[in-house]
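Have a look at input_11.cif; it's mmCIF, C-alpha atoms and all ligand atoms:
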```cif
data_start
#
loop_
_atom_site.label_atom_id
_atom_site.label_comp_id
_atom_site.auth_asym_id
_atom_site.auth_seq_id
_atom_site.Cartn_x
_atom_site.Cartn_y
_atom_site.Cartn_z
CA MET A 260 -0.87 -16.88 -25.18
CA SER A 261 -1.92 -13.88 -23.10
CA THR A 262 0.04 -12.96 -19.99
CA ARG A 263 -1.09 -14.93 -16.94
CA ILE A 264 -1.39 -12.80 -13.79
CA PHE A 265 -2.03 -14.07 -10.28
CA LEU A 266 -3.15 -11.25 -7.96
CA THR A 267 -3.79 -11.26 -4.20
CA GLY A 268 -5.71 -8.66 -2.21
CA ALA A 269 -8.43 -8.06 -4.85
CA THR A 270 -11.07 -7.39 -2.18
CA GLY A 271 -8.80 -4.90 -0.39
CA PHE A 272 -8.10 -1.19 -0.76
CA VAL A 273 -4.78 -1.39 -2.63
CA GLY A 274 -5.42 -4.66 -4.50
CA GLY A 275 -8.98 -3.78 -5.50
CA ASP A 276 -7.92 -0.49 -7.00
CA ALA A 277 -4.92 -2.05 -8.76
CA LEU A 278 -7.07 -4.87 -10.17
CA GLN A 279 -9.49 -2.34 -11.65
CA ARG A 280 -6.59 -0.55 -13.37
CA ILE A 281 -4.90 -3.74 -14.64
CA ALA A 282 -8.17 -5.26 -15.86
CA LEU A 283 -8.84 -2.09 -17.87
CA SER A 284 -5.46 -2.29 -19.60
CA ASN A 285 -5.91 -2.11 -23.34
CA ILE A 286 -2.20 -2.34 -24.08
CA PHE A 287 -2.18 -6.10 -23.50
CA LYS A 288 -4.96 -8.58 -22.71
CA PRO A 289 -4.14 -10.08 -19.33
CA ASN A 290 -5.48 -13.41 -18.18
CA ILE A 291 -6.10 -12.71 -14.47
CA SER A 292 -6.62 -15.06 -11.53
CA CYS A 293 -7.41 -13.61 -8.08
CA LEU A 294 -6.97 -15.30 -4.71
CA ILE A 295 -10.04 -14.63 -2.56
CA ARG A 296 -10.69 -16.29 0.79
CA ASP A 297 -14.35 -15.35 1.21
CA VAL A 298 -16.93 -16.97 -1.10
CA GLU A 299 -19.36 -14.03 -0.98
CA LYS A 300 -16.60 -11.54 -1.74
CA GLY A 301 -15.49 -13.79 -4.60
CA ALA A 302 -19.00 -13.61 -6.07
CA GLN A 303 -18.86 -9.81 -5.78
CA VAL A 304 -15.54 -9.71 -7.68
CA SER A 305 -16.92 -12.08 -10.35
CA LYS A 306 -19.91 -9.78 -10.82
CA SER A 307 -17.60 -6.79 -11.45
CA TYR A 308 -15.15 -8.81 -13.58
CA PRO A 309 -16.85 -11.81 -15.24
CA ASN A 310 -13.67 -12.68 -17.18
CA ILE A 311 -11.48 -12.99 -14.11
CA ARG A 312 -10.84 -16.43 -12.65
CA ILE A 313 -11.49 -16.53 -8.90
CA VAL A 314 -9.43 -19.01 -6.91
CA HIS A 315 -10.74 -19.56 -3.40
CA GLY A 316 -8.07 -19.86 -0.76
CA ASP A 317 -6.11 -18.29 2.04
CA LEU A 318 -2.54 -16.99 2.09
CA ASP A 319 -1.79 -19.82 4.52
CA ASP A 320 -2.67 -22.42 1.83
CA VAL A 321 0.92 -22.47 0.68
CA LYS A 322 0.80 -25.49 -1.65
CA PHE A 323 -2.09 -23.87 -3.44
CA ILE A 324 -0.30 -20.47 -3.69
CA GLU A 325 2.84 -22.20 -4.97
CA ASN A 326 0.84 -23.96 -7.66
CA GLU A 327 -0.93 -20.74 -8.74
CA ALA A 328 2.43 -18.95 -8.93
CA ARG A 329 3.86 -21.82 -11.00
CA ASN A 330 1.03 -21.39 -13.52
CA SER A 331 1.52 -17.60 -13.76
CA ASP A 332 3.86 -15.26 -15.60
CA ILE A 333 3.41 -12.41 -13.11
CA VAL A 334 2.42 -12.54 -9.44
CA VAL A 335 1.08 -9.28 -7.98
CA HIS A 336 1.08 -9.80 -4.21
CA LEU A 337 -0.86 -6.94 -2.64
CA ALA A 338 -2.68 -8.72 0.21
CA SER A 339 0.13 -8.46 2.72
CA THR A 340 3.55 -6.92 3.22
CA SER A 341 4.54 -9.43 5.89
CA HIS A 342 3.07 -12.87 5.17
CA THR A 343 6.34 -14.77 4.84
CA GLU A 344 4.94 -18.23 4.05
CA SER A 345 2.92 -17.02 1.05
CA ALA A 346 5.94 -15.07 -0.21
CA LEU A 347 8.10 -18.20 0.08
CA ALA A 348 5.43 -20.17 -1.78
CA ILE A 349 5.41 -17.56 -4.57
CA SER A 350 9.20 -17.74 -4.90
CA ARG A 351 9.06 -21.56 -5.10
CA GLY A 352 6.28 -21.52 -7.68
CA LEU A 353 7.86 -18.87 -9.89
CA ALA A 354 11.28 -20.53 -9.82
CA ASP A 355 10.11 -23.32 -12.16
CA PRO A 356 13.20 -24.25 -14.28
CA SER A 357 11.01 -25.21 -17.25
CA ARG A 358 10.11 -21.54 -17.93
CA LYS A 359 11.39 -20.12 -21.20
CA LYS A 360 11.86 -16.61 -19.75
CA PRO A 361 12.05 -15.12 -16.24
CA ALA A 362 8.84 -14.82 -14.24
CA HIS A 363 7.91 -11.54 -12.51
CA TRP A 364 6.83 -10.76 -8.95
CA ILE A 365 5.44 -7.38 -7.90
CA GLN A 366 5.27 -7.12 -4.11
CA MET A 367 3.70 -4.50 -1.84
CA SER A 368 5.80 -3.22 1.04
CA GLY A 369 5.33 -0.35 3.50
CA ALA A 370 7.30 2.75 4.46
CA THR A 371 7.52 1.84 8.16
CA LEU A 372 10.62 0.10 6.78
CA LEU A 373 12.29 3.54 6.88
CA ALA A 374 11.16 4.35 10.43
CA ALA A 375 12.70 1.35 12.19
CA LYS A 376 15.10 3.46 14.30
CA GLU A 377 12.34 5.74 15.64
CA ILE A 378 10.14 2.74 16.36
CA ALA A 379 12.98 0.94 18.20
CA GLU A 380 13.72 4.09 20.25
CA GLY A 381 10.04 4.76 20.95
CA ARG A 382 10.37 8.30 19.56
CA PHE A 383 7.01 9.44 18.19
CA GLY A 384 5.75 12.82 16.98
CA PHE A 385 9.20 14.28 16.25
CA LYS A 386 10.57 15.60 12.99
CA VAL A 387 13.30 13.71 11.10
CA ASP A 388 14.53 15.42 7.94
CA LYS A 389 15.97 12.47 6.01
CA THR A 390 14.29 11.87 2.63
CA TYR A 391 15.06 8.62 0.78
CA ASP A 392 15.34 8.93 -3.00
CA ASP A 393 14.80 5.61 -4.76
CA VAL A 394 17.63 6.29 -7.24
CA LYS A 395 20.16 8.43 -5.32
CA ASP A 396 19.79 6.46 -2.08
CA ALA A 397 19.28 3.03 -3.67
CA ASP A 398 22.33 1.50 -1.90
CA GLU A 399 21.29 2.92 1.48
CA ILE A 400 17.72 1.62 1.05
CA MET A 401 19.11 -1.79 0.14
CA SER A 402 21.26 -1.76 3.32
CA ILE A 403 18.22 -0.85 5.41
CA ILE A 404 16.34 -3.83 3.99
CA THR A 405 19.20 -6.29 4.40
CA GLY A 406 19.87 -4.91 7.90
CA SER A 407 16.21 -5.57 8.89
CA PRO A 408 15.87 -9.36 9.15
CA LYS A 409 12.33 -8.90 10.48
CA ARG A 410 11.37 -7.60 7.02
CA ALA A 411 11.47 -11.18 5.73
CA VAL A 412 9.25 -10.57 2.68
CA ASP A 413 11.24 -7.51 1.53
CA ASN A 414 14.49 -9.47 1.92
CA LEU A 415 13.10 -12.44 0.03
CA VAL A 416 11.96 -10.22 -2.84
CA ILE A 417 15.28 -8.40 -3.30
CA SER A 418 17.31 -11.61 -3.06
CA GLN A 419 15.68 -13.48 -5.98
CA ASP A 420 17.94 -14.50 -8.87
CA PRO A 421 16.98 -12.18 -11.77
CA ALA A 422 17.79 -14.92 -14.27
CA SER A 423 14.78 -16.76 -12.90
CA ILE A 424 12.50 -14.28 -11.04
CA GLN A 425 12.44 -10.53 -11.70
CA THR A 426 10.97 -8.56 -8.81
CA ALA A 427 9.62 -5.11 -7.99
CA LEU A 428 9.19 -4.01 -4.37
CA ILE A 429 6.78 -1.09 -3.91
CA VAL A 430 7.38 0.70 -0.60
CA GLY A 431 4.00 2.30 0.03
CA PRO A 432 3.85 5.65 1.83
CA LEU A 433 0.57 6.98 3.30
CA ILE A 434 -2.00 6.01 0.66
CA TYR A 435 -5.21 8.02 0.39
CA GLY A 436 -8.23 8.38 -1.90
CA THR A 437 -11.21 6.12 -2.46
CA GLY A 438 -10.38 2.69 -3.87
CA LYS A 439 -12.21 1.54 -7.01
CA GLY A 440 -12.30 -2.13 -6.04
CA PRO A 441 -15.43 -4.11 -5.25
CA GLY A 442 -14.43 -4.64 -1.59
CA ASN A 443 -12.70 -2.31 0.88
CA LYS A 444 -12.33 1.20 -0.56
CA ARG A 445 -10.91 2.81 2.60
CA SER A 446 -7.31 3.35 3.61
CA ILE A 447 -6.09 3.53 7.22
CA GLN A 448 -3.95 6.43 8.38
CA ALA A 449 -5.96 9.57 7.49
CA PRO A 450 -9.44 7.94 7.76
CA GLU A 451 -8.62 6.70 11.26
CA ILE A 452 -7.60 10.21 12.40
CA ALA A 453 -10.92 11.46 11.00
CA ARG A 454 -12.90 8.68 12.72
CA VAL A 455 -11.33 9.40 16.12
CA THR A 456 -11.80 13.17 15.67
CA LEU A 457 -15.52 12.65 14.95
CA GLU A 458 -16.02 10.11 17.75
CA GLN A 459 -14.27 12.27 20.33
CA LYS A 460 -15.86 15.45 18.94
CA GLU A 461 -12.50 17.24 18.98
CA GLY A 462 -9.25 17.48 17.07
CA PHE A 463 -6.11 15.92 18.52
CA ARG A 464 -2.48 15.35 17.70
CA LEU A 465 0.05 12.72 18.71
CA GLY A 466 2.89 14.35 20.69
CA GLU A 467 4.44 17.32 18.94
CA GLY A 468 2.84 16.28 15.64
CA GLU A 469 5.97 17.35 13.75
CA ASN A 470 6.61 14.01 12.05
CA ARG A 471 5.93 13.65 8.33
CA TRP A 472 5.11 10.92 5.80
CA SER A 473 5.10 11.15 2.05
CA ASN A 474 1.82 10.23 0.42
CA ILE A 475 0.26 8.98 -2.80
CA HIS A 476 -3.27 8.84 -4.19
CA VAL A 477 -4.37 5.21 -4.57
CA HIS A 478 -5.22 5.69 -8.26
CA ASP A 479 -1.67 6.92 -8.93
CA LEU A 480 -0.29 3.90 -7.06
CA SER A 481 -2.45 1.62 -9.22
CA GLU A 482 -1.14 3.31 -12.34
CA LEU A 483 2.40 2.49 -11.20
CA ILE A 484 1.48 -1.15 -10.48
CA SER A 485 -0.15 -1.40 -13.90
CA LEU A 486 2.93 0.10 -15.62
CA LEU A 487 5.10 -2.48 -13.86
CA VAL A 488 2.76 -5.28 -14.94
CA GLU A 489 2.94 -4.03 -18.54
CA ALA A 490 6.73 -3.76 -18.34
CA ALA A 491 6.88 -7.33 -17.02
CA ALA A 492 4.57 -8.58 -19.79
CA ASN A 493 6.84 -6.90 -22.34
CA SER A 494 10.03 -8.29 -20.69
CA LYS A 495 11.44 -4.78 -20.19
CA THR A 496 14.83 -4.76 -18.49
CA GLY A 497 16.55 -2.53 -15.91
CA LEU A 498 13.50 -2.33 -13.64
CA TRP A 499 13.81 -5.35 -11.38
CA ASN A 500 15.45 -6.93 -8.34
CA ARG A 501 18.21 -4.63 -6.99
CA ASP A 502 17.04 -1.97 -9.51
CA GLY A 503 13.43 -2.67 -8.63
CA VAL A 504 12.75 -0.96 -5.28
CA TYR A 505 10.18 1.81 -5.83
CA LEU A 506 9.31 4.62 -3.41
CA PRO A 507 6.22 6.18 -5.01
CA GLU A 508 4.97 9.55 -3.70
CA ASN A 509 3.40 12.77 -4.85
CA GLY A 510 3.54 14.96 -1.73
CA LYS A 511 4.13 14.99 2.00
CA LEU A 512 2.34 16.30 5.08
CA GLU A 513 3.15 16.78 8.76
CA PHE A 514 0.82 14.68 10.93
CA GLY A 515 0.00 17.63 13.23
CA GLU A 516 -1.05 19.57 10.12
CA LEU A 517 -3.08 16.61 8.80
CA SER A 518 -4.91 16.33 12.15
CA THR A 519 -5.56 20.10 12.15
CA GLN A 520 -6.92 20.07 8.59
CA ILE A 521 -9.23 17.17 9.52
CA ALA A 522 -10.53 19.02 12.62
CA VAL A 523 -11.08 22.24 10.65
CA GLU A 524 -13.01 20.34 7.98
CA ALA A 525 -15.05 18.38 10.56
CA HIS A 526 -16.03 21.67 12.18
CA LYS A 527 -16.85 23.17 8.76
CA GLN A 528 -19.16 20.21 8.06
CA GLY A 529 -20.88 20.79 11.44
CA LEU A 530 -19.63 17.47 12.85
CA ILE A 531 -17.65 18.76 15.86
CA PRO A 532 -18.34 21.90 17.98
CA ASP A 533 -15.05 23.69 17.26
CA ALA A 534 -11.77 23.21 15.43
CA SER A 535 -9.43 23.70 18.38
CA MET A 536 -6.45 21.36 18.70
CA HIS A 537 -5.93 21.40 22.48
CA LYS A 538 -5.89 17.64 22.88
CA VAL A 539 -2.46 16.00 22.76
CA ILE A 540 -2.26 12.20 23.06
CA ASN A 541 0.72 9.97 23.84
CA PRO A 542 1.75 6.84 21.89
CA LYS A 543 -0.01 4.46 24.30
CA GLU A 544 -3.25 6.41 24.01
CA ALA A 545 -2.86 6.43 20.21
CA ASP A 546 -2.51 2.63 20.13
CA ALA A 547 -5.66 2.28 22.24
CA LEU A 548 -7.58 4.43 19.76
CA SER A 549 -6.43 2.68 16.57
CA GLY A 550 -4.23 -0.34 15.74
CA HIS A 551 -0.51 0.50 15.60
CA ALA A 552 -1.39 4.22 15.59
CA SER A 553 1.78 5.26 17.45
CA ILE A 554 3.72 4.00 14.42
CA LEU A 555 1.23 4.94 11.70
CA TRP A 556 0.61 8.49 13.04
CA GLY A 557 3.85 9.15 14.93
CA THR A 558 6.85 8.29 12.72
CA ASN A 559 8.61 9.79 9.72
CA ALA A 560 8.75 8.24 6.25
CA LEU A 561 9.84 10.75 3.65
CA LEU A 562 10.37 9.31 0.17
CA HIS A 563 11.34 10.75 -3.17
CA SER A 564 10.18 8.91 -6.26
CA SER A 565 12.70 9.23 -9.09
CA LYS A 566 12.84 5.80 -10.71
CA ALA A 567 9.26 5.22 -11.87
CA ASN A 568 8.96 8.83 -13.03
CA SER A 569 12.05 8.64 -15.24
CA ILE A 570 12.08 5.01 -16.42
CA LEU A 571 8.36 4.22 -16.63
CA ASN A 572 7.16 7.75 -17.37
CA TRP A 573 4.91 7.49 -14.33
CA THR A 574 3.27 10.87 -13.72
CA PRO A 575 1.08 10.93 -10.62
CA SER A 576 -1.79 13.36 -11.13
CA GLY A 577 -4.36 12.64 -8.39
CA PRO A 578 -5.66 15.32 -6.02
CA SER A 579 -3.44 16.05 -3.01
CA LEU A 580 -4.10 14.62 0.45
CA SER A 581 -5.25 18.06 1.66
CA GLU A 582 -7.67 18.31 -1.28
CA GLU A 583 -9.16 14.93 -0.34
CA ILE A 584 -9.81 15.81 3.33
CA PRO A 585 -13.45 16.94 2.81
CA LYS A 586 -14.20 13.51 1.25
CA ILE A 587 -12.32 11.64 4.00
CA VAL A 588 -14.27 13.47 6.73
CA SER A 589 -17.68 13.04 5.12
CA ALA A 590 -17.01 9.33 4.40
CA GLU A 591 -16.10 8.75 8.06
CA ALA A 592 -19.22 10.63 9.20
CA GLU A 593 -21.33 8.34 6.96
CA ARG A 594 -19.59 5.21 8.28
CA LEU A 595 -20.20 6.25 11.88
CA LYS A 596 -23.84 7.02 11.12
CA ALA A 597 -24.27 3.63 9.43
CA THR A 598 -22.74 1.90 12.49
CA ARG A 599 -25.03 3.82 14.87
CA ASP A 600 -28.11 3.06 12.72
CA SER A 601 -27.37 -0.66 12.39
N1 LIG B 701 -3.43 1.29 2.97
C1 LIG B 701 -2.24 1.86 3.06
O1 LIG B 701 -2.11 3.10 3.23
C2 LIG B 701 -0.98 1.01 2.93
C3 LIG B 701 0.25 1.64 2.78
C4 LIG B 701 1.39 0.86 2.64
C5 LIG B 701 1.31 -0.51 2.71
N2 LIG B 701 0.09 -1.10 2.90
C6 LIG B 701 0.05 -2.56 3.00
O2 LIG B 701 -0.51 -3.12 1.84
C7 LIG B 701 -1.22 -4.32 2.17
C8 LIG B 701 -2.65 -4.18 1.65
O3 LIG B 701 -3.22 -3.04 2.26
P1 LIG B 701 -4.74 -2.65 2.06
O4 LIG B 701 -4.88 -1.26 2.58
O5 LIG B 701 -5.17 -2.97 0.69
O6 LIG B 701 -5.45 -3.65 3.08
P2 LIG B 701 -6.96 -4.22 3.04
O7 LIG B 701 -7.89 -3.23 2.46
O8 LIG B 701 -7.23 -4.73 4.42
O9 LIG B 701 -6.88 -5.46 2.04
C9 LIG B 701 -6.20 -6.65 2.34
C10 LIG B 701 -6.52 -7.64 1.24
O10 LIG B 701 -5.77 -8.83 1.44
C11 LIG B 701 -6.67 -9.93 1.64
N3 LIG B 701 -6.10 -10.81 2.65
C12 LIG B 701 -5.58 -10.48 3.84
N4 LIG B 701 -5.19 -11.58 4.52
C13 LIG B 701 -5.47 -12.63 3.71
C14 LIG B 701 -5.32 -14.03 3.85
N5 LIG B 701 -4.79 -14.58 4.96
N6 LIG B 701 -5.72 -14.83 2.83
C15 LIG B 701 -6.27 -14.30 1.70
N7 LIG B 701 -6.44 -12.97 1.51
C16 LIG B 701 -6.06 -12.15 2.51
C17 LIG B 701 -7.97 -9.30 2.13
O11 LIG B 701 -9.04 -10.20 1.94
P3 LIG B 701 -10.42 -10.04 2.76
O12 LIG B 701 -11.25 -9.06 1.97
O13 LIG B 701 -10.98 -11.40 2.77
O14 LIG B 701 -10.10 -9.51 4.13
C18 LIG B 701 -8.00 -8.08 1.24
O15 LIG B 701 -8.35 -8.45 -0.07
C19 LIG B 701 -1.16 -4.46 3.71
O16 LIG B 701 -0.11 -5.34 4.08
C20 LIG B 701 -0.82 -3.05 4.17
O17 LIG B 701 -0.10 -3.04 5.39
C21 LIG B 701 -1.06 -0.38 2.97
#
```
Let's see the structure in the file written out as structure tokens.
Ligand SMILES: NC(=O)c1ccc[n+]([C@@H]2O[C@H](COP(=O)([O-])OP(=O)(O)OC[C@H]3O[C@@H](n4cnc5c(N)ncnc54)[C@H](OP(=O)(O)O)[C@@H]3O)[C@@H](O)[C@H]2O)c1
Amino acid sequence: MSTRIFLTGATGFVGGDALQRIALSNIFKPNISCLIRDVEKGAQVSKSYPNIRIVHGDLDDVKFIENEARNSDIVVHLASTSHTESALAISRGLADPSRKKPAHWIQMSGATLLAAKEIAEGRFGFKVDKTYDDVKDADEIMSIITGSPKRAVDNLVISQDPASIQTALIVGPLIYGTGKGPGNKRSIQAPEIARVTLEQKEGFRLGEGENRWSNIHVHDLSELISLLVEAAANSKTGLWNRDGVYLPENGKLEFGELSTQIAVEAHKQGLIPDASMHKVINPKEADALSGHASILWGTNALLHSSKANSILNWTPSGPSLSEEIPKIVSAEAERLKATRDS
């Protein structure tokens, strides 16, 4: 029987791109079911992937999620990093004692996990030098998770019994690039800086702009998710639970520098009158411009990916964030034009 995969978030940026990569896998023939809450979006996914089974439902439909998990070998939960009830339902469904071998659960998380202290202290725009390596600093990362009860999903994932459920937690940094899924193809952090720059017709930075995040191209992230799915299908060991926290990255950038590069490119494309960066905003102003922007533009999350590179032979090769800025700016200009024209 082929490996049964239950995937959430297929109409989103991360999940749509990952689905495209997994569905293309020619190493094994997966039997994929996708949770989709919107009927029209479900039809769109079916059109792109006629062999995929669409299951209509919401993350809040916990009995339904539990049942889907029970009937799967691998759950790839990419719709949300913080929906506790669906995560609990997945753990109940996968923990079926009648299974002949452990089930697998690949869960998306986010790198704000590593910025909790700055967020609690309300310190935004400042540089913090600490880089977390997912092998060297594995114990410290584990303590951060267990010391953050608010990160209920992360804690649930790392506390599963590996004899029954083998888990991978992917701590996403800033993700960029254009998703290949049939739904949302746009990320948040860099596109939102570009949108605000274009709308306000000037570049800006949050505070000192010295804070940095690591980053990864979405296609490289999908390659990692696909490698983990293949490893799960092949019952590979040494990759899961307390050994299964992944910090994927392929570069880093200071937010002040990212904002400057966006303004320079917007000016080059004739979209704003000049590329000056005189405007400095505070965290409150950032939050009014874009959801949670003080955190998403103002904190530090520096990661170093060692585990996937050495154990799974993962070799990220996508263009850098700076190389993608012309595309990010022109895509935002098109979006704004479409909104104005509609
Ligand atoms: N983008 C990044 O840079 C980044 C980085 C790190 C972590 N993350 C995290 O990764 C997760 C996915 O991010 P994303 O960028 O892919 O977001 P996205 O583009 O907004 O996609 C979210 C996906 O989840 C689905 N979804 C959300 N709530 C649902 C619900 N209640 N029931 C059923 N489906 C639901 C959405 O369905 P609809 O199409 O129906 O809305 C969509 O398919 C988020 O938790 C995000 O915080 C993102």
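Restricting the calculation to only C-alpha atoms, the smallest distance between Gly510 in chain A and any of A:Ser564, A:Ser549, A:Leu486, A:Asn541 is found for A:Ser564.
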Which residues of chain A come within 8 Å of ligand LIG 701 (chain B), and what is each one's closest atom pair and distance in Å (one decimal), counting only C-alpha atoms and all ligand atoms, sorted by chain and residue number, as CSV?
```
residue,atom,partner,partner_atom,distance
A:Thr267,CA,B:LIG701,O10,6.5
A:Gly268,CA,B:LIG701,O15,3.4
A:Ala269,CA,B:LIG701,O15,4.8
A:Thr270,CA,B:LIG701,O15,3.6
A:Gly271,CA,B:LIG701,O9,3.1
A:Phe272,CA,B:LIG701,O5,3.7
A:Val273,CA,B:LIG701,O5,3.7
A:Gly274,CA,B:LIG701,O5,5.5
A:Gly275,CA,B:LIG701,O15,7.2
A:Leu294,CA,B:LIG701,C15,6.5
A:Ile295,CA,B:LIG701,N7,5.7
A:Arg296,CA,B:LIG701,C15,4.9
A:Asp297,CA,B:LIG701,O13,5.4
A:Lys300,CA,B:LIG701,O12,7.0
A:Gly316,CA,B:LIG701,C15,6.3
A:Asp317,CA,B:LIG701,N6,3.6
A:Leu318,CA,B:LIG701,N6,3.9
A:Asp319,CA,B:LIG701,N5,6.1
A:Leu337,CA,B:LIG701,C8,5.4
A:Ala338,CA,B:LIG701,O10,3.3
A:Ser339,CA,B:LIG701,O16,3.4
A:Thr340,CA,B:LIG701,O16,4.1
A:Ser341,CA,B:LIG701,O16,6.5
A:Met367,CA,B:LIG701,O2,5.8
A:Ser368,CA,B:LIG701,C5,5.5
A:Gly369,CA,B:LIG701,C5,4.1
A:Ala370,CA,B:LIG701,C4,6.5
A:Val430,CA,B:LIG701,C4,6.8
A:Gly431,CA,B:LIG701,C4,4.0
A:Pro432,CA,B:LIG701,C4,5.4
A:Leu433,CA,B:LIG701,O1,4.7
A:Ile434,CA,B:LIG701,O1,3.9
A:Tyr435,CA,B:LIG701,O1,6.5
A:Gly442,CA,B:LIG701,O12,6.5
A:Asn443,CA,B:LIG701,O7,5.1
A:Lys444,CA,B:LIG701,O7,7.0
A:Arg445,CA,B:LIG701,O7,6.8
A:Ser446,CA,B:LIG701,N1,4.4
A:Ile447,CA,B:LIG701,N1,5.5
A:Gln448,CA,B:LIG701,O1,6.4
```
Residue with the minimum atom-to-atom distance to Ile521 in chain A, picked from A:Ala552, A:Gly466, A:His563, A:Val588 with all atoms listed in the file counted, is A:Val588
Rank A:Lys538, A:Arg454, A:Lys288, A:Lys460 by their smallest atom-to-atom distance to Arg263 in chain A, using all atoms listed in the file, and report the top residue only.
A:Lys288
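The closest residue to Phe385 in chain A, picked from A:Glu299, A:Glu469, A:Asp600, A:Asp546 and counting only C-alpha atoms, is A:Glu469.
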Can you tell me, as a PyMOL selection string, which residues sit within 12 Å of (18.5, -16.2, -12.2) in the file's frame, using all atoms listed in the file?
chain A and resi 350+353-356+358+360-363+418-426+499-500
Kindly provide the residues of range 279-311 of chain A that approach range 475-485 of chain A to within 9 Å, each paired with its closest atom pair and their distance in Å to one decimal, based on only C-alpha atoms, listed by chain and increasing number, as a tab-separated table.
```
residue	atom	partner	partner_atom	distance
A:Gln279	CA	A:Ser481	CA	8.4
A:Arg280	CA	A:Ser481	CA	6.3
A:Ile281	CA	A:Ser485	CA	5.3
A:Ser284	CA	A:Ser485	CA	7.8
```
re CA of Ser565 in chain A and CA of Glu508 in chain A: distance 9.4 Å
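Straight-line separation from CA of Val539 in chain A to CA of Gly557 in chain A: 12.2 Å.
Around range 403-413 of chain A, within 8 Å and counting all atoms listed in the file, the residues found are Thr340, Ser341, His342, Thr343, Ala346, Ser368, Leu372, Leu373, Glu399, Ile400, Val416, Ile417 and Leu428 of chain A, once anything fewer than 3 positions away on its own chain is removed.
The space separating CA of Glu325 in chain A from CA of Ala302 in chain A comes to 23.5 Å.
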Could you check the closest approach to His551 in chain A for each of A:Ser305, A:Ser518, A:Thr371, A:Lys322 and tell me which residue wins, using only C-alpha atoms?
A:Thr371
So which residues are close to (5.5, 14.4, 6.2), meaning at most 7 Å away in the file's coordinates with only C-alpha atoms counted, and can you show them as a PyMOL selection string?
chain A and resi 470-473+511-514+559-561
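Closest approach to Asp320 in chain A from the set A:Ile531, A:Ile349, A:Leu283, A:Ala547 is made by A:Ile349, with distances taken over all atoms listed in the file.
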